[in-house]
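This is coords.txt. It holds compact mmCIF, C-alpha atoms.
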# COMPACT_ATOMS: atom_id res chain seq x y z
CA MET A 1 -1.31 22.04 9.94
CA THR A 2 0.60 19.42 7.92
CA PHE A 3 -0.73 16.87 10.40
CA VAL A 4 -4.33 17.89 9.67
CA VAL A 5 -3.83 17.93 5.88
CA ASN A 6 -2.17 14.52 5.99
CA LEU A 7 -4.95 13.19 8.20
CA ALA A 8 -7.50 14.36 5.62
CA LEU A 9 -5.50 12.78 2.78
CA GLY A 10 -5.13 9.51 4.72
CA LEU A 11 -8.87 9.59 5.34
CA LEU A 12 -9.53 10.09 1.61
CA PHE A 13 -7.16 7.23 0.73
CA GLY A 14 -8.79 4.98 3.37
CA ILE A 15 -12.33 5.85 2.24
CA GLY A 16 -11.21 4.96 -1.28
CA LEU A 17 -10.03 1.58 0.01
CA VAL A 18 -13.31 0.98 1.86
CA ILE A 19 -15.58 2.04 -1.06
CA SER A 20 -13.54 -0.05 -3.50
CA GLY A 21 -13.87 -3.09 -1.21
CA MET A 22 -10.10 -3.46 -0.82
CA SER A 23 -10.19 -3.21 2.98
CA ASP A 24 -11.83 -6.67 2.81
CA PRO A 25 -9.10 -9.31 2.37
CA ALA A 26 -11.67 -11.78 1.03
CA LYS A 27 -12.16 -9.54 -2.02
CA VAL A 28 -8.41 -9.27 -2.59
CA LEU A 29 -7.92 -13.04 -2.25
CA ASN A 30 -10.74 -13.65 -4.72
CA PHE A 31 -9.03 -11.34 -7.21
CA LEU A 32 -5.91 -13.47 -6.80
CA ASP A 33 -7.91 -16.70 -7.23
CA LEU A 34 -8.01 -16.89 -11.04
CA ALA A 35 -8.77 -20.62 -10.96
CA GLY A 36 -11.60 -20.33 -8.44
CA THR A 37 -13.96 -17.62 -7.22
CA TRP A 38 -12.39 -14.84 -9.32
CA ASP A 39 -13.51 -11.29 -8.52
CA PRO A 40 -11.91 -8.81 -10.96
CA SER A 41 -12.77 -5.75 -8.81
CA LEU A 42 -9.13 -5.06 -7.83
CA ALA A 43 -8.24 -4.42 -11.46
CA PHE A 44 -10.84 -1.62 -11.52
CA VAL A 45 -9.37 -0.14 -8.32
CA MET A 46 -5.89 -0.11 -9.84
CA GLY A 47 -7.21 1.21 -13.13
CA GLY A 48 -9.07 4.10 -11.48
CA ALA A 49 -6.18 4.97 -9.19
CA VAL A 50 -3.51 4.83 -11.90
CA ALA A 51 -5.62 6.85 -14.37
CA VAL A 52 -6.18 9.66 -11.87
CA ALA A 53 -2.58 9.62 -10.63
CA PHE A 54 -1.16 9.48 -14.19
CA LEU A 55 -3.05 12.65 -15.17
CA GLY A 56 -2.82 14.32 -11.75
CA TYR A 57 0.95 13.88 -11.37
CA ARG A 58 1.46 15.50 -14.77
CA LEU A 59 -0.52 18.55 -13.72
CA VAL A 60 1.09 18.78 -10.27
CA LEU A 61 4.69 18.27 -11.40
CA ARG A 62 4.44 21.28 -13.74
CA ARG A 63 4.61 23.43 -10.61
CA ASP A 64 7.96 24.54 -9.20
CA ARG A 65 7.48 23.07 -5.77
CA PRO A 66 4.87 21.51 -3.49
CA VAL A 67 2.75 23.69 -1.20
CA VAL A 68 4.92 22.69 1.75
CA GLY A 69 8.64 22.04 1.28
CA THR A 70 11.16 23.04 -1.33
CA LYS A 71 11.00 20.28 -3.93
CA PHE A 72 9.13 17.23 -5.18
CA ARG A 73 10.79 14.08 -3.87
CA ILE A 74 10.40 11.66 -6.76
CA PRO A 75 12.31 8.37 -6.69
CA THR A 76 15.17 8.71 -9.17
CA ARG A 77 16.85 5.30 -9.02
CA THR A 78 16.50 3.20 -12.15
CA GLU A 79 18.79 0.18 -11.64
CA LEU A 80 17.14 -3.23 -11.36
CA GLU A 81 19.13 -4.60 -8.44
CA PRO A 82 18.23 -7.90 -6.71
CA ARG A 83 16.15 -6.16 -4.05
CA ILE A 84 13.62 -4.97 -6.65
CA PHE A 85 12.86 -8.64 -7.43
CA VAL A 86 13.39 -10.27 -4.03
CA GLY A 87 11.40 -7.74 -1.97
CA PRO A 88 8.24 -7.87 -4.11
CA ALA A 89 8.48 -11.69 -4.27
CA ILE A 90 8.49 -11.86 -0.46
CA PHE A 91 5.74 -9.25 -0.26
CA GLY A 92 3.59 -11.02 -2.85
CA PHE A 93 3.83 -14.30 -0.91
CA GLY A 94 2.56 -12.66 2.30
CA TRP A 95 -0.10 -10.75 0.37
CA GLY A 96 -1.37 -14.01 -1.13
CA LEU A 97 -1.43 -15.71 2.29
CA ALA A 98 -3.48 -13.03 4.08
CA GLY A 99 -5.08 -10.85 1.41
CA PHE A 100 -3.68 -7.80 3.22
CA CYS A 101 -1.11 -5.33 1.99
CA PRO A 102 -0.06 -2.35 4.16
CA GLY A 103 -2.74 0.21 3.19
CA PRO A 104 -5.77 -2.05 3.53
CA ALA A 105 -4.37 -3.64 6.72
CA LEU A 106 -4.03 -0.23 8.40
CA THR A 107 -7.48 0.78 7.16
CA ALA A 108 -8.98 -2.45 8.49
CA LEU A 109 -7.34 -1.85 11.87
CA GLY A 110 -10.24 0.40 12.87
CA LEU A 111 -12.64 -2.55 12.47
CA ALA A 112 -10.53 -4.51 14.97
CA ALA A 113 -10.88 -8.08 13.62
CA PRO A 114 -8.54 -10.39 15.59
CA GLY A 115 -6.60 -11.34 12.45
CA THR A 116 -5.96 -7.66 11.67
CA LEU A 117 -4.90 -6.91 15.26
CA ILE A 118 -2.23 -9.62 14.90
CA PHE A 119 -1.27 -8.80 11.31
CA VAL A 120 -0.52 -5.08 11.76
CA PRO A 121 2.00 -5.30 14.65
CA ALA A 122 3.71 -8.20 12.86
CA MET A 123 3.84 -6.06 9.70
CA PHE A 124 5.52 -3.21 11.59
CA ALA A 125 8.04 -5.70 13.02
CA GLY A 126 8.79 -6.93 9.49
CA MET A 127 9.20 -3.38 8.20
CA TRP A 128 11.56 -2.55 11.03
CA LEU A 129 13.64 -5.70 10.39
CA ALA A 130 13.93 -4.83 6.69
CA ARG A 131 15.08 -1.31 7.50
CA LEU A 132 17.71 -2.66 9.91
CA ALA A 133 18.87 -5.22 7.35
CA GLY A 134 18.93 -2.53 4.66
CA GLU A 135 21.08 -0.21 6.74
CA ARG A 136 23.52 -3.04 7.38
CA SER A 137 23.75 -4.07 3.72
CA ALA A 138 24.16 -0.41 2.71
CA GLU A 139 27.43 -0.05 4.68
CA PRO A 140 30.40 1.27 2.68
CA ALA A 141 32.07 -2.16 2.48
CA MET A 142 29.19 -3.30 0.31
CA GLY A 143 29.45 -0.22 -1.90
CA MET B 1 -17.51 -15.59 -3.28
CA THR B 2 -17.43 -11.82 -3.17
CA GLU B 3 -19.64 -9.65 -5.35
CA PHE B 4 -17.98 -8.10 -8.42
CA THR B 5 -18.23 -4.32 -7.87
CA PRO B 6 -16.78 -2.58 -10.95
CA LEU B 7 -18.32 0.86 -10.34
CA ALA B 8 -17.64 1.11 -6.60
CA SER B 9 -14.12 -0.22 -7.13
CA LEU B 10 -13.44 2.24 -9.94
CA ILE B 11 -14.70 5.18 -7.85
CA GLY B 12 -12.78 4.01 -4.77
CA GLY B 13 -9.65 3.61 -6.89
CA MET B 14 -10.06 7.14 -8.23
CA LEU B 15 -10.23 8.48 -4.65
CA ILE B 16 -6.98 6.60 -3.88
CA GLY B 17 -5.41 8.19 -6.97
CA LEU B 18 -6.71 11.63 -5.96
CA SER B 19 -5.24 11.29 -2.47
CA SER B 20 -1.88 10.33 -4.01
CA VAL B 21 -1.93 13.34 -6.33
CA LEU B 22 -2.88 15.74 -3.52
CA LEU B 23 -0.10 14.39 -1.29
CA MET B 24 2.38 15.09 -4.10
CA ALA B 25 0.93 18.58 -4.60
CA TYR B 26 0.97 19.38 -0.90
CA GLU B 27 4.19 17.80 0.40
CA GLY B 28 5.93 16.53 -2.71
CA ARG B 29 5.90 12.93 -1.54
CA ILE B 30 4.85 9.58 -3.01
CA ALA B 31 1.79 8.01 -1.35
CA GLY B 32 3.45 4.67 -0.63
CA ILE B 33 1.85 3.20 2.46
CA SER B 34 4.75 0.89 3.32
CA GLY B 35 7.12 3.89 3.15
CA ILE B 36 4.81 6.10 5.19
CA SER B 37 4.08 3.53 7.89
CA GLY B 38 7.56 1.93 7.95
CA ARG B 39 9.14 5.32 8.67
CA LEU B 40 6.94 5.80 11.73
CA LEU B 41 9.55 3.61 13.44
CA PRO B 42 13.06 4.84 14.28
CA PRO B 43 15.63 5.68 13.00
CA TYR B 44 14.20 9.04 11.85
CA ARG B 45 15.89 10.55 8.82
CA ASP B 46 13.74 13.64 8.28
CA GLY B 47 11.19 15.82 10.05
CA ALA B 48 8.11 14.29 8.43
CA PHE B 49 7.01 12.09 11.36
CA LEU B 50 3.88 14.13 12.12
CA SER B 51 2.84 14.13 8.46
CA ARG B 52 3.19 10.35 8.23
CA PHE B 53 1.44 9.84 11.56
CA GLY B 54 -1.46 12.03 10.39
CA PHE B 55 -1.82 10.03 7.16
CA VAL B 56 -1.92 6.72 9.04
CA VAL B 57 -4.44 8.06 11.59
CA GLY B 58 -6.62 9.06 8.61
CA LEU B 59 -6.34 5.56 7.12
CA VAL B 60 -7.30 3.89 10.40
CA ALA B 61 -10.21 6.30 10.95
CA ALA B 62 -11.62 5.81 7.43
CA PRO B 63 -13.92 2.81 7.99
CA LEU B 64 -15.19 4.31 11.26
CA VAL B 65 -16.02 7.60 9.52
CA MET B 66 -17.71 5.65 6.71
CA GLN B 67 -19.85 3.78 9.25
CA LEU B 68 -20.85 7.05 10.94
CA VAL B 69 -21.73 8.76 7.67
CA THR B 70 -23.55 5.88 5.97
CA GLY B 71 -25.00 4.20 9.05
CA GLN B 72 -23.97 0.87 7.47
CA PRO B 73 -21.36 -1.47 8.92
CA VAL B 74 -18.26 -1.99 6.77
CA MET B 75 -18.27 -5.69 5.89
CA GLN B 76 -15.10 -7.74 5.75
CA THR B 77 -13.88 -11.29 6.20
CA VAL B 78 -10.48 -11.55 7.87
CA SER B 79 -8.85 -14.94 8.46
CA GLY B 80 -9.07 -16.05 12.08
CA ASN B 81 -5.94 -18.16 11.68
CA LEU B 82 -3.81 -16.03 13.99
CA PRO B 83 -0.43 -17.78 13.52
CA LEU B 84 -0.92 -17.47 9.74
CA MET B 85 -1.81 -13.78 10.06
CA ALA B 86 1.22 -13.12 12.26
CA ALA B 87 3.53 -14.82 9.76
CA ALA B 88 1.87 -13.07 6.81
CA GLY B 89 2.17 -9.69 8.53
CA LEU B 90 5.86 -10.21 9.14
CA ILE B 91 6.41 -11.31 5.53
CA VAL B 92 4.37 -8.43 4.05
CA GLY B 93 6.13 -5.86 6.21
CA PHE B 94 9.61 -7.16 5.44
CA GLY B 95 9.01 -7.66 1.71
CA SER B 96 7.34 -4.29 1.13
CA VAL B 97 10.23 -2.37 2.71
CA TRP B 98 12.92 -4.62 1.17
CA GLY B 99 11.33 -4.08 -2.25
CA TYR B 100 11.03 -0.30 -1.75
CA GLY B 101 7.25 -0.30 -1.92
CA CYS B 102 3.95 -2.15 -2.02
CA THR B 103 0.67 -2.01 -3.94
CA SER B 104 0.39 1.76 -3.44
CA GLY B 105 3.99 2.96 -3.87
CA HIS B 106 4.84 0.68 -6.81
CA GLY B 107 1.35 -0.32 -8.00
CA VAL B 108 -0.39 3.07 -8.02
CA CYS B 109 2.28 5.79 -7.80
CA GLY B 110 5.08 3.96 -9.61
CA LEU B 111 2.98 2.75 -12.56
CA SER B 112 1.53 6.26 -12.91
CA ARG B 113 5.07 7.63 -13.18
CA LEU B 114 5.91 4.89 -15.73
CA SER B 115 8.77 3.73 -13.49
CA THR B 116 10.51 0.62 -14.82
CA ARG B 117 11.40 -0.47 -11.29
CA SER B 118 7.75 -0.26 -10.28
CA PHE B 119 6.59 -2.21 -13.36
CA VAL B 120 9.05 -4.96 -12.43
CA ALA B 121 8.07 -4.90 -8.74
CA THR B 122 4.33 -4.93 -9.50
CA GLY B 123 4.74 -7.78 -11.98
CA VAL B 124 6.70 -9.83 -9.45
CA PHE B 125 4.39 -9.35 -6.47
CA MET B 126 1.27 -9.95 -8.59
CA ALA B 127 2.71 -13.15 -10.07
CA VAL B 128 3.84 -14.49 -6.69
CA ALA B 129 0.51 -13.58 -5.06
CA PHE B 130 -1.46 -15.35 -7.85
CA ALA B 131 0.78 -18.40 -7.45
CA THR B 132 0.45 -18.36 -3.66
CA VAL B 133 -3.36 -18.29 -3.76
CA PHE B 134 -3.38 -21.02 -6.43
CA VAL B 135 -1.27 -23.26 -4.19
CA THR B 136 -3.11 -22.52 -0.92
CA ARG B 137 -6.60 -22.88 -2.44
CA HIS B 138 -6.20 -25.46 -5.18
CA VAL B 139 -3.10 -27.55 -4.45
CA ILE B 140 -2.98 -27.80 -0.65
CA GLY B 141 -6.79 -27.61 -0.45
CA GLY B 142 -9.16 -24.98 0.78

Could you spell out this file's structure in structure tokens?
Amino acid sequence: MTFVVNLALGLLFGIGLVISGMSDPAKVLNFLDLAGTWDPSLAFVMGGAVAVAFLGYRLVLRRDRPVVGTKFRIPTRTELEPRIFVGPAIFGFGWGLAGFCPGPALTALGLAAPGTLIFVPAMFAGMWLARLAGERSAEPAMG
Amino acid sequence: MTEFTPLASLIGGMLIGLSSVLLMAYEGRIAGISGISGRLLPPYRDGAFLSRFGFVVGLVAAPLVMQLVTGQPVMQTVSGNLPLMAAAGLIVGFGSVWGYGCTSGHGVCGLSRLSTRSFVATGVFMAVAFATVFVTRHVIGG
């Protein structure tokens, strides 16, 4: 059952990405190209998503617990350690090179463009490497 | 050039926000795609594999469902520079997990929660992405 609900929510998220045009890396790259063929659409995607989530989270988090599970798992860390700068800097570089971030890349996978078919496995490899590196750096010796 | 689509992008963005809210209501989790997809790989820390797998299957199926429903092909332009795409994929995957999130986890969910960490992360990846496109398109050529 949770599989089916999650599949429906993934579908909704993905349809949002397709309707908004964000599954097309050309549109993302044009948003990032302030000095050239600027397409401000991405700002409207973010605006719409943040507005709905800002209001929706406030309604949802008034409840005691989610439908499934015992508690809401909200990130609680607040410290601005190096990783919160370094990780996004690395991510932003790759995003600017390809115009793909993880959600749109996975959504575009179904359309099977050669560039996407190469990008997605490489992305999973990168994620796996970061998790391995993170586990290593999180050993007790490092605090 | 791509066509500026304020209305479609706003509506699509609202659907993304709605999906994020419903995931929180249903399972109590943040809709961060790098977190969801990155944890499809071992080591497994919790029992949420099937949930995450379902979400990713839904993402992948989305354009195909759209094509079936609308009868229109989903248009996109993906770079055919395969070495570049391989490198970019590796960089995006590593950076999104190292930075605890990407455009969805920090950009949508984090900003909505007014998380300072997410404001910092979003500012950094936006700035670096703008700079990267400026260099690749206007300095190196393009």

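Using all atoms listed in the file, the residues found no farther than 8 Å from B:Ser34, other than those of its own chain fewer than 5 positions away, are Pro102, Gly103 and Met127 of chain A; Gly93, Ser96, Val97, Gly101, Cys102 and Gly105 of chain B.
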
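Using all atoms listed in the file, the set of residues no farther than 9 Å from the position (-12.5, 2.0, 11.2) comprises Thr107, Ala108, Leu109, Gly110, Leu111 and Ala112 of chain A; Leu59, Val60, Ala61, Ala62, Pro63, Leu64, Val65, Met66, Gln67 and Val74 of chain B.
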
From the list B:Pro73, B:Gly95, B:Gly35, B:Gly47, the nearest residue to chain A using all atoms listed in the file is B:Gly95

Could you check which residues have any atom within 12 Å of (2.3, 14.0, -13.3), counting all atoms listed in the file with coordinates taken straight from the file, and then list them as number ranges by chain?
A: 50-63, 72, 74; B: 17-18, 20-22, 24-25, 28, 30, 109-114

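Closest to B:Ile16 among B:Gly107, B:Gly38, B:Gly54, B:Gly80 is B:Gly107, based on all atoms listed in the file.
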
With a distance cut-off of 9 Å and only C-alpha atoms, select the neighbouring residues of A:Ala113, excluding the residue or stretch itself and same-chain residues fewer than 6 positions from it, and output the selection as a compact mmCIF listing (two decimals) with C-alpha atoms, in the coordinates of the input.
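Result file follows (around_37.txt):
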# COMPACT_ATOMS: atom_id res chain seq x y z
CA GLN B 76 -15.10 -7.74 5.75
CA THR B 77 -13.88 -11.29 6.20
CA VAL B 78 -10.48 -11.55 7.87
CA SER B 79 -8.85 -14.94 8.46
CA GLY B 80 -9.07 -16.05 12.08

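Note that the spacing between atom CA of A:Trp95 and atom CA of A:Trp128 amounts to 17.8 Å.
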
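Of the residues under consideration (A:Thr70, A:Ser20, A:Asn6, A:Thr37), A:Asn6 shows the shortest atom-to-atom contact distance to B:Leu23 when counting all atoms listed in the file.
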
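Closest approach to A:Thr78 among B:Phe134, B:Phe4, B:Phe49, B:Phe119: B:Phe119, based on all atoms listed in the file.
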
Report the distance between atom CA of B:Arg137 and atom CA of A:Leu34 in Å, rounded to one decimal place.
10.6 Å

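The closest residue to chain A, picked from B:Gly89, B:Arg45, B:Gly71, B:Ala127 and counting only C-alpha atoms, is B:Gly89.
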
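For the set B:Thr2, B:Ser9, B:Pro42, B:Ser115, the residue with the smallest atom-to-atom gap to A:Ala26 is B:Thr2, counting all atoms listed in the file.
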
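Note that the spacing between atom CA of B:Phe94 and atom CA of B:Tyr26 amounts to 28.6 Å.
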